[in-house]
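Asks: This is run_17.cif, which holds mmCIF, C-alpha atoms:
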data_model
loop_
_atom_site.label_atom_id
_atom_site.label_comp_id
_atom_site.auth_asym_id
_atom_site.auth_seq_id
_atom_site.Cartn_x
_atom_site.Cartn_y
_atom_site.Cartn_z
CA MET U 1 118.66 137.60 133.73
CA CYS U 2 119.79 134.24 135.08
CA HIS U 3 116.57 132.58 133.88
CA GLN U 4 117.03 134.07 130.42
CA LEU U 5 120.65 132.87 130.28
CA ALA U 6 119.56 129.39 131.38
CA ARG U 7 116.99 129.25 128.60
CA ILE U 8 119.61 130.28 126.04
CA VAL U 9 122.06 127.62 127.28
CA PHE U 10 119.31 124.94 127.19
CA ALA U 11 118.36 125.92 123.65
CA LEU U 12 122.00 125.72 122.57
CA ILE U 13 122.31 122.24 124.10
CA LEU U 14 119.23 121.05 122.20
CA ALA U 15 120.45 122.59 118.97
CA CYS U 16 123.84 120.99 119.40
CA ALA U 17 122.31 117.59 120.11
CA GLY U 18 120.08 117.93 117.05
CA SER U 19 123.00 118.94 114.89
CA GLN U 20 125.02 115.93 116.07
CA ALA U 21 122.10 113.59 115.32
CA MET U 22 121.68 115.07 111.87
CA ALA U 23 125.41 114.85 111.27
CA GLY U 24 125.40 111.19 112.33
CA GLU U 25 122.48 110.50 110.01
CA ALA U 26 124.09 112.43 107.17
CA SER U 27 127.31 110.42 107.55
CA LYS U 28 125.45 107.24 106.57
CA PRO U 29 124.04 106.64 103.10
CA PRO U 30 120.30 105.84 103.13
CA ALA U 31 119.41 102.19 103.58
CA ARG U 32 117.16 100.63 100.94
CA LEU U 33 114.03 98.73 101.96
CA ILE U 34 113.10 96.55 99.00
CA VAL U 35 109.41 95.78 98.49
CA PRO U 36 109.10 92.92 95.97
CA PHE U 37 105.60 94.05 94.93
CA THR U 38 103.97 97.02 93.23
CA PRO U 39 103.15 100.23 95.15
CA GLY U 40 99.79 100.55 96.84
CA GLY U 41 99.36 97.13 98.44
CA SER U 42 99.68 95.99 102.03
CA SER U 43 103.39 95.24 101.69
CA ASP U 44 104.01 98.75 100.42
CA LEU U 45 101.99 100.30 103.26
CA VAL U 46 103.90 98.31 105.89
CA ALA U 47 107.23 99.22 104.28
CA ARG U 48 106.55 102.95 104.13
CA MET U 49 105.31 103.10 107.71
CA LEU U 50 108.36 101.15 108.86
CA ALA U 51 110.79 103.26 106.84
CA ASP U 52 109.41 106.46 108.31
CA LYS U 53 109.65 105.25 111.90
CA LEU U 54 112.92 103.28 111.68
CA ARG U 55 114.80 106.47 110.95
CA ASP U 56 115.09 107.42 114.62
CA GLY U 57 116.06 103.96 115.87
CA LEU U 58 118.71 103.45 113.19
CA ASN U 59 119.85 107.09 113.04
CA GLN U 60 119.66 106.65 109.29
CA ARG U 61 117.24 107.35 106.48
CA VAL U 62 115.44 104.34 105.00
CA ILE U 63 114.18 104.62 101.43
CA VAL U 64 111.47 102.30 100.11
CA GLU U 65 112.19 100.83 96.70
CA ASN U 66 109.56 98.75 94.87
CA ARG U 67 111.03 95.93 92.78
CA PRO U 68 108.03 93.87 91.61
CA GLY U 69 108.10 90.92 89.24
CA ALA U 70 107.46 87.17 89.08
CA GLY U 71 105.24 87.08 92.16
CA GLY U 72 107.83 88.75 94.37
CA THR U 73 110.79 86.73 93.12
CA VAL U 74 112.64 89.61 91.42
CA GLY U 75 112.90 91.87 94.47
CA THR U 76 113.50 89.01 96.88
CA ASP U 77 116.36 87.65 94.77
CA LEU U 78 117.86 91.14 94.53
CA VAL U 79 118.26 91.25 98.31
CA ALA U 80 119.50 87.64 98.44
CA LYS U 81 122.44 88.69 96.27
CA ALA U 82 123.11 92.04 97.99
CA VAL U 83 126.10 92.80 100.20
CA PRO U 84 125.19 91.97 103.83
CA ASP U 85 126.19 95.36 105.20
CA GLY U 86 122.80 96.45 106.53
CA GLN U 87 122.22 98.84 103.65
CA THR U 88 119.76 96.58 101.81
CA LEU U 89 116.68 95.32 103.64
CA LEU U 90 113.77 93.22 102.39
CA VAL U 91 110.08 93.08 103.12
CA ALA U 92 109.80 89.31 103.46
CA TYR U 93 106.39 87.70 102.91
CA THR U 94 104.74 84.33 103.52
CA GLY U 95 104.23 83.86 99.81
CA THR U 96 107.84 84.45 98.82
CA PHE U 97 109.40 82.60 101.76
CA SER U 98 107.02 79.75 102.68
CA ILE U 99 104.68 79.12 99.75
CA ASN U 100 106.59 79.80 96.53
CA PRO U 101 109.50 77.45 97.39
CA ASN U 102 106.96 74.63 97.42
CA LEU U 103 105.30 75.66 94.17
CA HIS U 104 108.24 76.61 91.97
CA LYS U 105 111.04 74.16 91.26
CA LYS U 106 113.61 76.73 90.16
CA LEU U 107 113.51 79.72 92.48
CA PRO U 108 116.78 81.70 92.27
CA TYR U 109 116.97 82.03 96.07
CA ASP U 110 116.68 79.84 99.15
CA PRO U 111 114.48 81.39 101.87
CA LEU U 112 116.67 80.07 104.68
CA ALA U 113 120.17 79.82 103.24
CA ASP U 114 120.18 83.20 101.47
CA PHE U 115 118.70 85.41 104.21
CA THR U 116 119.08 86.49 107.80
CA LEU U 117 115.55 86.77 109.17
CA VAL U 118 114.99 89.72 111.52
CA THR U 119 111.38 89.65 112.75
CA PRO U 120 107.84 89.43 111.41
CA VAL U 121 106.05 92.76 111.67
CA THR U 122 102.42 92.03 110.81
CA THR U 123 100.18 89.03 110.41
CA THR U 124 96.96 88.65 108.43
CA VAL U 125 94.15 86.41 109.59
CA TYR U 126 91.77 85.26 106.88
CA VAL U 127 88.02 85.00 107.28
CA LEU U 128 85.96 82.14 105.85
CA VAL U 129 82.78 83.68 104.47
CA ALA U 130 79.83 82.12 102.64
CA HIS U 131 77.00 83.31 100.47
CA PRO U 132 73.89 83.50 102.70
CA ALA U 133 71.95 81.20 100.36
CA LEU U 134 74.31 78.36 101.28
CA PRO U 135 72.67 76.51 104.20
CA VAL U 136 75.69 76.68 106.52
CA ARG U 137 76.26 78.69 109.67
CA SER U 138 79.33 76.94 111.04
CA VAL U 139 82.40 75.00 109.97
CA LYS U 140 80.66 71.75 110.98
CA ASP U 141 77.72 72.66 108.73
CA LEU U 142 80.09 73.32 105.83
CA LEU U 143 81.95 70.05 106.34
CA ALA U 144 78.70 68.09 106.48
CA LEU U 145 77.36 69.73 103.32
CA ALA U 146 80.64 69.23 101.46
CA ARG U 147 80.67 65.56 102.38
CA ALA U 148 77.09 65.17 101.25
CA ARG U 149 77.83 66.97 97.97
CA PRO U 150 81.45 66.07 97.06
CA ASN U 151 83.03 68.30 94.39
CA GLU U 152 79.82 70.36 94.08
CA LEU U 153 80.79 73.26 96.34
CA ASN U 154 83.40 75.78 95.24
CA TYR U 155 85.65 78.28 96.94
CA GLY U 156 87.30 81.35 95.48
CA SER U 157 90.77 82.75 96.06
CA SER U 158 92.83 85.74 95.00
CA GLY U 159 94.87 83.55 92.65
CA ASN U 160 96.68 80.25 92.14
CA GLY U 161 99.36 79.83 94.77
CA SER U 162 98.03 82.63 96.97
CA ALA U 163 97.64 82.24 100.73
CA PRO U 164 93.81 82.08 100.42
CA HIS U 165 94.23 79.31 97.82
CA LEU U 166 96.40 77.33 100.23
CA ALA U 167 93.96 78.09 103.06
CA GLY U 168 91.21 76.36 101.10
CA ALA U 169 93.49 73.49 100.12
CA LEU U 170 94.48 72.89 103.75
CA PHE U 171 90.81 73.00 104.76
CA GLN U 172 90.12 70.22 102.26
CA VAL U 173 93.10 68.13 103.36
CA MET U 174 92.44 68.43 107.10
CA GLY U 175 88.64 68.39 106.82
CA LYS U 176 88.69 65.46 104.39
CA VAL U 177 86.34 67.13 101.91
CA ASN U 178 86.52 68.01 98.22
CA LEU U 179 85.81 71.55 97.04
CA GLN U 180 86.38 73.09 93.63
CA HIS U 181 88.96 75.89 93.63
CA VAL U 182 88.14 78.97 91.52
CA PRO U 183 91.13 81.32 91.22
CA TYR U 184 90.74 85.03 90.46
CA ARG U 185 93.15 87.82 89.64
CA GLY U 186 92.88 89.43 93.04
CA GLY U 187 90.38 89.34 95.85
CA GLY U 188 88.08 92.05 94.50
CA PRO U 189 86.61 90.06 91.58
CA ALA U 190 86.23 86.98 93.81
CA ILE U 191 84.21 88.94 96.37
CA VAL U 192 81.99 90.38 93.62
CA ASP U 193 81.17 86.87 92.40
CA LEU U 194 80.65 85.60 95.94
CA VAL U 195 78.14 88.37 96.70
CA ALA U 196 76.43 87.61 93.37
CA GLY U 197 76.10 83.95 94.30
CA GLN U 198 78.58 82.62 91.74
CA LEU U 199 80.79 81.28 94.54
CA HIS U 200 79.84 79.34 97.65
CA VAL U 201 82.65 80.27 100.06
CA TYR U 202 85.79 82.39 100.10
CA PHE U 203 88.88 82.78 102.26
CA GLY U 204 89.72 86.48 102.38
CA SER U 205 91.17 89.20 104.59
CA GLY U 206 88.71 90.95 106.88
CA PRO U 207 88.43 94.56 105.64
CA PRO U 208 87.15 93.71 102.13
CA VAL U 209 84.60 91.09 103.26
CA LEU U 210 83.28 92.25 106.64
CA PRO U 211 81.33 95.25 105.26
CA HIS U 212 79.32 92.72 103.21
CA VAL U 213 78.83 90.63 106.35
CA LYS U 214 77.38 93.65 108.17
CA THR U 215 74.86 94.24 105.39
CA GLY U 216 73.85 90.57 105.27
CA ARG U 217 75.19 89.95 101.76
CA LEU U 218 77.75 87.49 103.15
CA ARG U 219 77.91 85.29 106.22
CA ALA U 220 81.10 85.05 108.31
CA ILE U 221 81.77 81.46 109.35
CA ALA U 222 85.19 81.37 111.04
CA SER U 223 88.73 82.76 111.06
CA THR U 224 91.87 80.91 110.00
CA SER U 225 94.11 81.72 112.98
CA ALA U 226 95.04 79.20 115.67
CA LYS U 227 93.47 81.41 118.36
CA ARG U 228 90.74 84.00 118.03
CA SER U 229 92.01 87.14 116.39
CA LYS U 230 92.21 90.38 118.38
CA LEU U 231 90.59 92.03 115.36
CA TYR U 232 87.67 89.56 115.23
CA PRO U 233 87.27 88.30 118.81
CA ASP U 234 83.66 87.18 118.34
CA LEU U 235 84.46 85.01 115.33
CA PRO U 236 85.32 81.36 116.13
CA THR U 237 88.36 79.78 114.53
CA ILE U 238 88.23 76.90 112.09
CA ALA U 239 90.41 74.97 114.55
CA GLU U 240 87.89 75.27 117.38
CA SER U 241 84.93 74.63 115.08
CA GLY U 242 85.62 71.21 113.66
CA VAL U 243 89.14 71.06 112.18
CA PRO U 244 91.57 70.84 115.13
CA GLY U 245 95.07 72.10 114.38
CA TYR U 246 94.02 74.16 111.38
CA GLU U 247 95.89 77.46 110.98
CA VAL U 248 96.68 79.66 108.00
CA THR U 249 97.90 83.23 108.31
CA SER U 250 100.25 85.35 106.28
CA TRP U 251 102.87 87.78 107.50
CA TYR U 252 105.16 90.58 106.42
CA GLY U 253 108.54 90.92 108.06
CA LEU U 254 112.08 92.12 107.65
CA ALA U 255 115.05 90.18 106.31
CA LEU U 256 118.69 90.91 105.52
CA PRO U 257 121.03 89.11 103.14
CA ALA U 258 122.65 86.01 104.64
CA LYS U 259 125.73 86.46 106.85
CA ALA U 260 124.71 89.93 108.00
CA PRO U 261 126.95 90.82 110.99
CA LYS U 262 125.34 90.30 114.38
CA PRO U 263 125.61 93.97 115.45
CA ILE U 264 123.67 94.97 112.32
CA LEU U 265 121.03 92.29 112.94
CA ASP U 266 120.69 93.21 116.61
CA GLY U 267 120.40 96.93 115.87
CA LEU U 268 117.76 96.44 113.19
CA HIS U 269 115.80 94.00 115.34
CA LYS U 270 115.78 96.37 118.32
CA ALA U 271 114.71 99.36 116.21
CA THR U 272 111.97 97.37 114.46
CA VAL U 273 110.48 95.97 117.65
CA GLU U 274 110.34 99.50 119.08
CA VAL U 275 108.31 100.57 116.03
CA VAL U 276 105.99 97.54 116.21
CA LYS U 277 105.14 98.34 119.83
CA ARG U 278 104.03 101.88 118.99
CA ALA U 279 100.27 102.42 119.31
CA ASP U 280 100.06 104.64 116.23
CA PHE U 281 101.75 101.96 114.12
CA THR U 282 99.50 99.20 115.48
CA ASP U 283 96.26 101.17 115.20
CA THR U 284 96.88 102.29 111.62
CA LEU U 285 97.62 98.76 110.41
CA ALA U 286 94.61 97.33 112.25
CA LEU U 287 92.41 99.36 109.91
CA GLN U 288 93.90 97.29 107.07
CA GLY U 289 93.23 93.99 108.83
CA LEU U 290 96.86 93.59 109.90
CA GLU U 291 97.87 92.65 113.44
CA THR U 292 101.35 93.64 114.59
CA ILE U 293 103.70 90.98 115.94
CA HIS U 294 107.39 90.53 116.64
CA MET U 295 109.72 87.60 117.29
CA SER U 296 113.38 86.96 117.84
CA PRO U 297 115.38 86.11 114.70
CA ALA U 298 115.57 82.48 115.87
CA GLU U 299 111.80 82.30 116.39
CA PHE U 300 111.17 83.86 112.99
CA THR U 301 113.47 81.34 111.34
CA GLU U 302 111.64 78.49 113.08
CA LEU U 303 108.29 79.88 111.89
CA VAL U 304 109.47 79.82 108.26
CA LYS U 305 110.77 76.26 108.67
CA GLN U 306 107.41 75.12 110.04
CA GLU U 307 105.49 76.85 107.26
CA LEU U 308 107.73 75.37 104.58
CA ALA U 309 106.91 71.91 105.93
CA LEU U 310 103.18 72.71 106.21
CA TYR U 311 102.84 73.99 102.67
CA ALA U 312 104.95 71.13 101.31
CA ARG U 313 102.33 68.81 102.79
CA VAL U 314 99.41 70.82 101.42
CA VAL U 315 100.89 71.10 97.93
CA LYS U 316 101.58 67.36 97.81
CA GLU U 317 98.28 66.12 99.25
CA ALA U 318 96.16 68.60 97.29
CA ASN U 319 98.23 67.96 94.14
CA ILE U 320 98.79 71.67 93.48
CA THR U 321 101.13 72.49 90.60
CA LEU U 322 102.04 75.81 89.00
CA ASP U 323 105.25 75.08 87.05
#
How does this structure look as structure tokens?
Replies:
Amino acid sequence: MCHQLARIVFALILACAGSQAMAGEASKPPARLIVPFTPGGSSDLVARMLADKLRDGLNQRVIVENRPGAGGTVGTDLVAKAVPDGQTLLVAYTGTFSINPNLHKKLPYDPLADFTLVTPVTTTVYVLVAHPALPVRSVKDLLALARARPNELNYGSSGNGSAPHLAGALFQVMGKVNLQHVPYRGGGPAIVDLVAGQLHVYFGSGPPVLPHVKTGRLRAIASTSAKRSKLYPDLPTIAESGVPGYEVTSWYGLALPAKAPKPILDGLHKATVEVVKRADFTDTLALQGLETIHMSPAEFTELVKQELALYARVVKEANITLD
């Protein structure tokens, strides 16, 4: 009898605790997580996984809202002008925060002045791959061939102003070589042409290109990270293979409107880091070629400052213009 009563009391305690949690959640309106790109891409995947798992840490529902347009500018600007009450969050991205400010003269937002950066969540390492008919097996081979045949070799990218485009531009600037850039509308068509021999090399994320490497239709040369990637530990970096200091990665992270109160920033940062450390979160994103990372808000802000300076240099020295 006593055991049965104890079980009933324990069940009532759990039910009460659950009811209080639900009541606390219900007392808050859902927060919006703005994705400045169309559904279905990597940014959307990261956002929906985050939204699902942030619910417990924030004791609040988080609803993903896609606001694409103008290469991410529309959704990013929406959050820049939102009330900094913690109810509007942004999936920040390398392109919208570090690259676009150097390519577009009249962006409606400032990546540093208009936002409170929370933490990066994922990073993407790009892989330099070549068509197997090209007589190169290393970065040093590619540099030597490019110097012997200036402006004859080409490289593809997923579009003008994309991270892979800038990866190739930085390779030229730091490696002191001249390659012809061939932009595509997305990585898929570029990979098709590379496999067909229409391109010589390509900077792309791992999952789309590595299956072709395994079948011998492409050759992996190096990765673009500063240190060897956990996802591709056997692949040397460009930095260690002939271009010291070279590094190009892209990231997705969280940002709030500027002047967000510190308690809101601290709470969101804590909840996000707890999600990023979860094995199920990390393992799922690894399948998409995304490594999970986290930083303090100050470290994240410093990262963006450094990237803004890096891409300003690349855009100037490679004479890249979009406007």
Asks: Got a sec to resolve the PyMOL selection byres ((chain U and resi 244-258) around 7) on this structure and send the residues as a PyMOL selection string?
Replies: chain U and resi 43+79-80+82-84+86+88-94+113-126+163+167+224-226+238-240+242-243+259-260
Asks: Name the closest residue to U:Val62 among the candidates U:Thr301, U:Thr76, U:Asn160, U:Gln87; distances are taken between atoms, counting only C-alpha atoms.
Replies: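 Among the listed residues, the smallest separation from U:Val62 belongs to U:Gln87.
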Asks: How far is it from atom CA of U:Lys277 to atom CA of U:Glu299, in Å with one decimal?
Replies: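 Between these atoms lies a distance of 17.7 Å.
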Asks: Using only C-alpha atoms, pick whichever of U:Gly71, U:Arg61, U:Pro207, U:Val46 has the shortest atom-to-atom distance to U:Pro101.
Replies: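 Residue with the minimum atom-to-atom distance to U:Pro101: U:Gly71.
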Asks: Run the PyMOL selection byres ((chain U and resi 289) around 8) mentally over the shown coordinates, then write out the matched residues as a PyMOL selection string, using the chain letters and numbers from the document.
Replies: chain U and resi 124-125+205-207+231+285-288+290-291
